[in-house]
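Report on the following structure.
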Amino acid sequence: MRDALDATPYDALLLLSFGGPEGPDDVVPFLENVTRGRGIPKERLKEVGRHYFLFGGVSPINDQNRALLDALRKDFADHGLGLPIYWGNRNWAPYLTDTLREMIADGHRRILVLATSAYASYSGCRQYRENLAESLEALQAEGLELPRIDKLRHYFNHPGFLEPMVDGVIDSLAELPENARDGAHIAFSTHSIPTASADTSGPVEGHGEGGAYVAQHLEVARLIADAVRERTGVDHPWQLVYQSRSGAPHIPWLEPDICDHLEERHASGVPAVVIAPIGFVSDHMEVLYDLDTEAKAKAEELGLPMRRSATVGDDPRFAAAIRDLVLERAGVERGQEVTPCALGALGAGHNVCPVGCCPARAAKPAAAGVDSPYA
């Protein structure tokens, strides 16, 4: 971690997230926001929203973002970093445009953005940048002076993101029956996306089968599995798996699905499985439903001992990692020589998204990139 606590030229940090409903009456309007422009009937949205209704119509993501905000503010204050932190969502209150309007009114003109997605993909990076551009366009139409907005690089291989997940896997292994522990399989899980989107994730030079999305997840899985072996002395077999598919059946998405994978592992004779949700920053709905409900039920049906390890959430090490990334980017912007903190073979990613990185389905302006109209 860095000693020089100078965030200039930045004068504020924006936590940018997906958003989620906070009561039963919010579910359908929230899903209308998520699916805007796709022409999905309200009755279909009610069916899609059944996951939320199982949990009282409340997504945990907003409370988890509040907890992360508290952790970040505490870390910054404890280390003397006087950078105010705001929060805006793509699909629910507090809405991104409203938060940016508030930040402009508070006098902020150089804003750094932390997205709650650690990896490269259209939905995990480019779409957030498109949302930023849409908000800036709306605020410009109001006659406001626009701030310059930059986005923190992907942090999938920062030790402050990896170390809490290593602890989570080791803790979950310890919870398994002793006679099944050493032979346990680790299923590293992330959100499935269309294979076409995966293949074009990251910079153009890395496009190909799986693109940066798959490569980055495989790197995280390997780093965690290696750390678990070093700390326990046991070399656990592992595989990258996927969950939360939501697309049309005829469109290829990344596989294998977690529940299919559990069936395959059980058939192969593994004594137990730890599911590690490495693709998610916190225990939001995809984790609670797809893993803690559906995958858990499948494991119980099979008689397969299973534990789900913790996500990073508001772990102090993650908050410290964000502080480190803020200071790293600030140093770069000031023209200083900065050594990025990143583990593994892939190294630190780009600070500014290049042209063609995680391309959109249809051409739309995106902020915080080389081709941003709001540089």
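Lettering and numbering for the structure tokens are positional, with chains as A, B, ... in the shown order, residues counted from 1 in each chain, and ligands counted from 1 in the shown order.
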
- Task: For region 16-23 of chain A, please output as a PyMOL selection string all residues within 8 Å (counting only C-alpha atoms; exclusion window: fewer than 5 positions along the same chain).
- Result: chain A and resi 30+56-62+65+87-93+96+113-116+128

Can you spit out the residues from that selection as a PDB file, in the first residue's frame, using N, CA, C and O atoms?
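The resulting selection.pdb:
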```pdb
ATOM      1  N   PHE A  30     -38.079  -1.622 -10.825  1.00  0.00           N
ATOM      2  CA  PHE A  30     -36.637  -1.846 -10.933  1.00  0.00           C
ATOM      3  C   PHE A  30     -36.318  -2.668 -12.177  1.00  0.00           C
ATOM      4  O   PHE A  30     -35.414  -2.316 -12.955  1.00  0.00           O
ATOM      5  N   GLY A  56     -38.657 -11.086   0.195  1.00  0.00           N
ATOM      6  CA  GLY A  56     -39.434  -9.933   0.630  1.00  0.00           C
ATOM      7  C   GLY A  56     -39.364  -8.762  -0.324  1.00  0.00           C
ATOM      8  O   GLY A  56     -39.700  -7.636   0.049  1.00  0.00           O
ATOM      9  N   GLY A  57     -38.949  -9.007  -1.570  1.00  0.00           N
ATOM     10  CA  GLY A  57     -38.851  -7.935  -2.555  1.00  0.00           C
ATOM     11  C   GLY A  57     -37.646  -7.038  -2.344  1.00  0.00           C
ATOM     12  O   GLY A  57     -37.565  -5.963  -2.941  1.00  0.00           O
ATOM     13  N   VAL A  58     -36.703  -7.475  -1.527  1.00  0.00           N
ATOM     14  CA  VAL A  58     -35.538  -6.650  -1.182  1.00  0.00           C
ATOM     15  C   VAL A  58     -34.268  -7.305  -1.714  1.00  0.00           C
ATOM     16  O   VAL A  58     -33.980  -8.463  -1.414  1.00  0.00           O
ATOM     17  N   SER A  59     -33.524  -6.556  -2.504  1.00  0.00           N
ATOM     18  CA  SER A  59     -32.192  -6.998  -2.895  1.00  0.00           C
ATOM     19  C   SER A  59     -31.208  -6.575  -1.814  1.00  0.00           C
ATOM     20  O   SER A  59     -31.279  -5.447  -1.324  1.00  0.00           O
ATOM     21  N   PRO A  60     -30.278  -7.443  -1.468  1.00  0.00           N
ATOM     22  CA  PRO A  60     -29.285  -7.067  -0.445  1.00  0.00           C
ATOM     23  C   PRO A  60     -28.230  -6.091  -0.949  1.00  0.00           C
ATOM     24  O   PRO A  60     -27.458  -5.554  -0.154  1.00  0.00           O
ATOM     25  N   ILE A  61     -28.199  -5.827  -2.254  1.00  0.00           N
ATOM     26  CA  ILE A  61     -27.069  -5.079  -2.810  1.00  0.00           C
ATOM     27  C   ILE A  61     -26.969  -3.661  -2.265  1.00  0.00           C
ATOM     28  O   ILE A  61     -25.870  -3.141  -2.046  1.00  0.00           O
ATOM     29  N   ASN A  62     -28.111  -3.000  -2.012  1.00  0.00           N
ATOM     30  CA  ASN A  62     -28.037  -1.619  -1.530  1.00  0.00           C
ATOM     31  C   ASN A  62     -27.443  -1.549  -0.125  1.00  0.00           C
ATOM     32  O   ASN A  62     -26.596  -0.694   0.163  1.00  0.00           O
ATOM     33  N   ASN A  65     -23.798  -2.082  -0.399  1.00  0.00           N
ATOM     34  CA  ASN A  65     -23.083  -0.882  -0.842  1.00  0.00           C
ATOM     35  C   ASN A  65     -22.960   0.139   0.283  1.00  0.00           C
ATOM     36  O   ASN A  65     -21.930   0.819   0.395  1.00  0.00           O
ATOM     37  N   TRP A  87     -22.307   7.879  -3.792  1.00  0.00           N
ATOM     38  CA  TRP A  87     -22.822   6.593  -4.279  1.00  0.00           C
ATOM     39  C   TRP A  87     -23.952   6.837  -5.268  1.00  0.00           C
ATOM     40  O   TRP A  87     -24.887   7.595  -4.984  1.00  0.00           O
ATOM     41  N   GLY A  88     -23.868   6.190  -6.433  1.00  0.00           N
ATOM     42  CA  GLY A  88     -24.931   6.249  -7.424  1.00  0.00           C
ATOM     43  C   GLY A  88     -25.128   4.900  -8.078  1.00  0.00           C
ATOM     44  O   GLY A  88     -24.182   4.118  -8.210  1.00  0.00           O
ATOM     45  N   ASN A  89     -26.367   4.608  -8.506  1.00  0.00           N
ATOM     46  CA  ASN A  89     -26.715   3.334  -9.132  1.00  0.00           C
ATOM     47  C   ASN A  89     -27.165   3.524 -10.574  1.00  0.00           C
ATOM     48  O   ASN A  89     -27.691   4.575 -10.946  1.00  0.00           O
ATOM     49  N   ARG A  90     -27.036   2.460 -11.338  1.00  0.00           N
ATOM     50  CA  ARG A  90     -27.525   2.455 -12.703  1.00  0.00           C
ATOM     51  C   ARG A  90     -29.041   2.325 -12.763  1.00  0.00           C
ATOM     52  O   ARG A  90     -29.681   2.934 -13.626  1.00  0.00           O
ATOM     53  N   ASN A  91     -29.628   1.496 -11.893  1.00  0.00           N
ATOM     54  CA  ASN A  91     -31.018   1.077 -12.083  1.00  0.00           C
ATOM     55  C   ASN A  91     -31.957   1.356 -10.920  1.00  0.00           C
ATOM     56  O   ASN A  91     -33.128   0.987 -10.988  1.00  0.00           O
ATOM     57  N   TRP A  92     -31.489   1.953  -9.849  1.00  0.00           N
ATOM     58  CA  TRP A  92     -32.365   2.266  -8.720  1.00  0.00           C
ATOM     59  C   TRP A  92     -31.726   3.369  -7.878  1.00  0.00           C
ATOM     60  O   TRP A  92     -30.538   3.654  -8.008  1.00  0.00           O
ATOM     61  N   ALA A  93     -32.553   3.951  -7.024  1.00  0.00           N
ATOM     62  CA  ALA A  93     -32.079   5.045  -6.170  1.00  0.00           C
ATOM     63  C   ALA A  93     -30.981   4.552  -5.210  1.00  0.00           C
ATOM     64  O   ALA A  93     -31.063   3.427  -4.713  1.00  0.00           O
ATOM     65  N   LEU A  96     -27.682   7.415 -10.658  1.00  0.00           N
ATOM     66  CA  LEU A  96     -26.406   7.990 -11.049  1.00  0.00           C
ATOM     67  C   LEU A  96     -26.526   9.471 -11.414  1.00  0.00           C
ATOM     68  O   LEU A  96     -25.720  10.289 -10.960  1.00  0.00           O
ATOM     69  N   VAL A 113     -14.161   7.091 -10.424  1.00  0.00           N
ATOM     70  CA  VAL A 113     -15.289   6.161 -10.287  1.00  0.00           C
ATOM     71  C   VAL A 113     -14.793   4.766  -9.928  1.00  0.00           C
ATOM     72  O   VAL A 113     -13.884   4.226 -10.573  1.00  0.00           O
ATOM     73  N   LEU A 114     -15.400   4.187  -8.900  1.00  0.00           N
ATOM     74  CA  LEU A 114     -15.204   2.784  -8.527  1.00  0.00           C
ATOM     75  C   LEU A 114     -16.464   2.025  -8.889  1.00  0.00           C
ATOM     76  O   LEU A 114     -17.529   2.265  -8.308  1.00  0.00           O
ATOM     77  N   ALA A 115     -16.387   1.128  -9.878  1.00  0.00           N
ATOM     78  CA  ALA A 115     -17.527   0.284 -10.237  1.00  0.00           C
ATOM     79  C   ALA A 115     -17.470  -1.017  -9.442  1.00  0.00           C
ATOM     80  O   ALA A 115     -16.383  -1.557  -9.204  1.00  0.00           O
ATOM     81  N   THR A 116     -18.634  -1.528  -9.046  1.00  0.00           N
ATOM     82  CA  THR A 116     -18.665  -2.767  -8.261  1.00  0.00           C
ATOM     83  C   THR A 116     -18.597  -3.994  -9.178  1.00  0.00           C
ATOM     84  O   THR A 116     -19.389  -4.926  -9.075  1.00  0.00           O
ATOM     85  N   TYR A 128     -21.359   0.473 -17.749  1.00  0.00           N
ATOM     86  CA  TYR A 128     -21.252   1.510 -16.729  1.00  0.00           C
ATOM     87  C   TYR A 128     -20.753   2.812 -17.348  1.00  0.00           C
ATOM     88  O   TYR A 128     -21.215   3.904 -17.009  1.00  0.00           O
TER      89      TYR A 128
END
```

- Item | Test item, alpha helix (DSSP H) assignment across region 247-312 of chain A, answer as a ChimeraX atom specification | /A:258-268,285,296-302

Now that the selection is made, can you save its residues with N, CA and C atoms as a PDB file, in the first residue's frame?
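Full text of selection-v6.pdb as output:
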```pdb
ATOM      1  N   ILE A 258     -23.405 -24.009 -12.781  1.00  0.00           N
ATOM      2  CA  ILE A 258     -23.004 -24.520 -11.476  1.00  0.00           C
ATOM      3  C   ILE A 258     -23.782 -25.777 -11.074  1.00  0.00           C
ATOM      4  N   CYS A 259     -25.083 -25.807 -11.334  1.00  0.00           N
ATOM      5  CA  CYS A 259     -25.859 -26.984 -10.922  1.00  0.00           C
ATOM      6  C   CYS A 259     -25.496 -28.208 -11.766  1.00  0.00           C
ATOM      7  N   ASP A 260     -25.282 -28.006 -13.070  1.00  0.00           N
ATOM      8  CA  ASP A 260     -24.812 -29.113 -13.912  1.00  0.00           C
ATOM      9  C   ASP A 260     -23.445 -29.591 -13.435  1.00  0.00           C
ATOM     10  N   HIS A 261     -22.610 -28.653 -13.035  1.00  0.00           N
ATOM     11  CA  HIS A 261     -21.262 -28.984 -12.568  1.00  0.00           C
ATOM     12  C   HIS A 261     -21.320 -29.816 -11.291  1.00  0.00           C
ATOM     13  N   LEU A 262     -22.222 -29.473 -10.382  1.00  0.00           N
ATOM     14  CA  LEU A 262     -22.366 -30.260  -9.153  1.00  0.00           C
ATOM     15  C   LEU A 262     -22.762 -31.701  -9.475  1.00  0.00           C
ATOM     16  N   GLU A 263     -23.663 -31.869 -10.439  1.00  0.00           N
ATOM     17  CA  GLU A 263     -24.052 -33.224 -10.839  1.00  0.00           C
ATOM     18  C   GLU A 263     -22.855 -33.989 -11.411  1.00  0.00           C
ATOM     19  N   GLU A 264     -22.069 -33.313 -12.246  1.00  0.00           N
ATOM     20  CA  GLU A 264     -20.902 -33.957 -12.850  1.00  0.00           C
ATOM     21  C   GLU A 264     -19.866 -34.324 -11.790  1.00  0.00           C
ATOM     22  N   ARG A 265     -19.604 -33.420 -10.846  1.00  0.00           N
ATOM     23  CA  ARG A 265     -18.615 -33.707  -9.802  1.00  0.00           C
ATOM     24  C   ARG A 265     -19.083 -34.856  -8.910  1.00  0.00           C
ATOM     25  N   HIS A 266     -20.360 -34.859  -8.605  1.00  0.00           N
ATOM     26  CA  HIS A 266     -20.896 -35.951  -7.780  1.00  0.00           C
ATOM     27  C   HIS A 266     -20.751 -37.286  -8.509  1.00  0.00           C
ATOM     28  N   ALA A 267     -21.056 -37.284  -9.813  1.00  0.00           N
ATOM     29  CA  ALA A 267     -20.948 -38.521 -10.588  1.00  0.00           C
ATOM     30  C   ALA A 267     -19.509 -39.004 -10.677  1.00  0.00           C
ATOM     31  N   SER A 268     -18.565 -38.061 -10.638  1.00  0.00           N
ATOM     32  CA  SER A 268     -17.153 -38.438 -10.733  1.00  0.00           C
ATOM     33  C   SER A 268     -16.593 -38.914  -9.396  1.00  0.00           C
ATOM     34  N   MET A 285     -28.155 -10.651  -4.999  1.00  0.00           N
ATOM     35  CA  MET A 285     -29.202 -11.628  -5.295  1.00  0.00           C
ATOM     36  C   MET A 285     -28.703 -12.851  -6.052  1.00  0.00           C
ATOM     37  N   LYS A 296     -27.478 -24.915  -3.521  1.00  0.00           N
ATOM     38  CA  LYS A 296     -27.563 -25.630  -2.248  1.00  0.00           C
ATOM     39  C   LYS A 296     -28.586 -26.754  -2.329  1.00  0.00           C
ATOM     40  N   ALA A 297     -29.742 -26.470  -2.946  1.00  0.00           N
ATOM     41  CA  ALA A 297     -30.778 -27.497  -3.093  1.00  0.00           C
ATOM     42  C   ALA A 297     -30.279 -28.648  -3.965  1.00  0.00           C
ATOM     43  N   LYS A 298     -29.550 -28.331  -5.020  1.00  0.00           N
ATOM     44  CA  LYS A 298     -29.015 -29.384  -5.884  1.00  0.00           C
ATOM     45  C   LYS A 298     -28.011 -30.257  -5.126  1.00  0.00           C
ATOM     46  N   ALA A 299     -27.130 -29.639  -4.343  1.00  0.00           N
ATOM     47  CA  ALA A 299     -26.168 -30.410  -3.565  1.00  0.00           C
ATOM     48  C   ALA A 299     -26.870 -31.311  -2.554  1.00  0.00           C
ATOM     49  N   GLU A 300     -27.907 -30.785  -1.907  1.00  0.00           N
ATOM     50  CA  GLU A 300     -28.659 -31.598  -0.940  1.00  0.00           C
ATOM     51  C   GLU A 300     -29.360 -32.761  -1.628  1.00  0.00           C
ATOM     52  N   GLU A 301     -29.903 -32.501  -2.821  1.00  0.00           N
ATOM     53  CA  GLU A 301     -30.558 -33.563  -3.599  1.00  0.00           C
ATOM     54  C   GLU A 301     -29.567 -34.679  -3.922  1.00  0.00           C
ATOM     55  N   LEU A 302     -28.331 -34.287  -4.218  1.00  0.00           N
ATOM     56  CA  LEU A 302     -27.302 -35.269  -4.575  1.00  0.00           C
ATOM     57  C   LEU A 302     -26.669 -35.924  -3.355  1.00  0.00           C
TER      58      LEU A 302
END
```

- Task: Compare A:Pro194, A:Arg66, A:Pro147, A:Cys358 by their minimum atom-to-atom distance to Asp106 (chain A), counting only C-alpha atoms, and give me the closest one.
- Result: A:Pro147

- Minimum-distance residue to Leu173 (chain A), chosen among A:Leu240, A:Ala272, A:Leu83, A:Leu72 (using only C-alpha atoms): A:Ala272

- Task: Please measure the separation of CA of Phe280 (chain A) and CA of His154 (chain A), giving the value in Å to one decimal.
- Result: 13.1 Å

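Counting only C-alpha atoms, the residue from A:Pro249, A:Gly206, A:Gly233, A:Pro271 that sits nearest to Cys357 (chain A) is A:Gly206.
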
- What is the distance, in Å and to one decimal place, between CA of Arg308 (chain A) and CA of Asp292 (chain A)?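 Going from CA of Arg308 (chain A) over to CA of Asp292 (chain A), I get 7.4 Å.
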
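With distances restricted to only C-alpha atoms, A:Ala225 is the closest residue to Asp167 (chain A) from A:Leu218, A:Ala319, A:Ala362, A:Ala225.
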
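Coordinates place CA of Ala212 (chain A) at a distance of 7.9 Å from CA of Thr200 (chain A).
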
- Query: Using only C-alpha atoms, which residue out of A:Cys353, A:Ile170, A:Val241, A:Ile251 lies closest to Arg229 (chain A)?
  - Reply: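 Ranked by minimum distance to Arg229 (chain A), first place goes to A:Ile170.
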
- Shortest interatomic distance to Asp324 (chain A) - which of A:Leu69, A:Leu5, A:Ile85, A:Ala310, counting only C-alpha atoms: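 So, comparing all the options, the nearest one is A:Leu5.
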
- Close residues, Ala320 (chain A) itself excluded, 7 Å, only C-alpha atoms, min 4 positions apart in chain, as number ranges by chain: A: 75, 160, 316, 324

Prev. selection, N, CA, C and O atoms, output as a PDB file, in the first residue's frame:
```pdb
ATOM      1  N   ASP A  75     -11.730   3.774   6.296  1.00  0.00           N
ATOM      2  CA  ASP A  75     -10.337   3.568   5.879  1.00  0.00           C
ATOM      3  C   ASP A  75      -9.697   4.888   5.454  1.00  0.00           C
ATOM      4  O   ASP A  75      -8.566   5.194   5.861  1.00  0.00           O
ATOM      5  N   GLY A 160      -5.710  -7.055  -2.164  1.00  0.00           N
ATOM      6  CA  GLY A 160      -6.791  -6.726  -1.241  1.00  0.00           C
ATOM      7  C   GLY A 160      -8.130  -7.276  -1.657  1.00  0.00           C
ATOM      8  O   GLY A 160      -9.052  -7.376  -0.833  1.00  0.00           O
ATOM      9  N   PRO A 316     -12.029  -4.978   5.402  1.00  0.00           N
ATOM     10  CA  PRO A 316     -11.093  -3.845   5.469  1.00  0.00           C
ATOM     11  C   PRO A 316      -9.959  -3.924   4.458  1.00  0.00           C
ATOM     12  O   PRO A 316      -9.449  -2.894   4.001  1.00  0.00           O
ATOM     13  N   ASP A 324      -5.567   2.216  -2.188  1.00  0.00           N
ATOM     14  CA  ASP A 324      -4.334   2.051  -2.944  1.00  0.00           C
ATOM     15  C   ASP A 324      -4.544   2.369  -4.424  1.00  0.00           C
ATOM     16  O   ASP A 324      -3.724   3.041  -5.055  1.00  0.00           O
TER      17      ASP A 324
END
```

- Skip Arg317 (chain A) itself and residues of its chain fewer than 6 positions away, then list as a ChimeraX atom specification all residues within 10 Å of it, counting only C-alpha atoms. /A:71,75,159-164,323
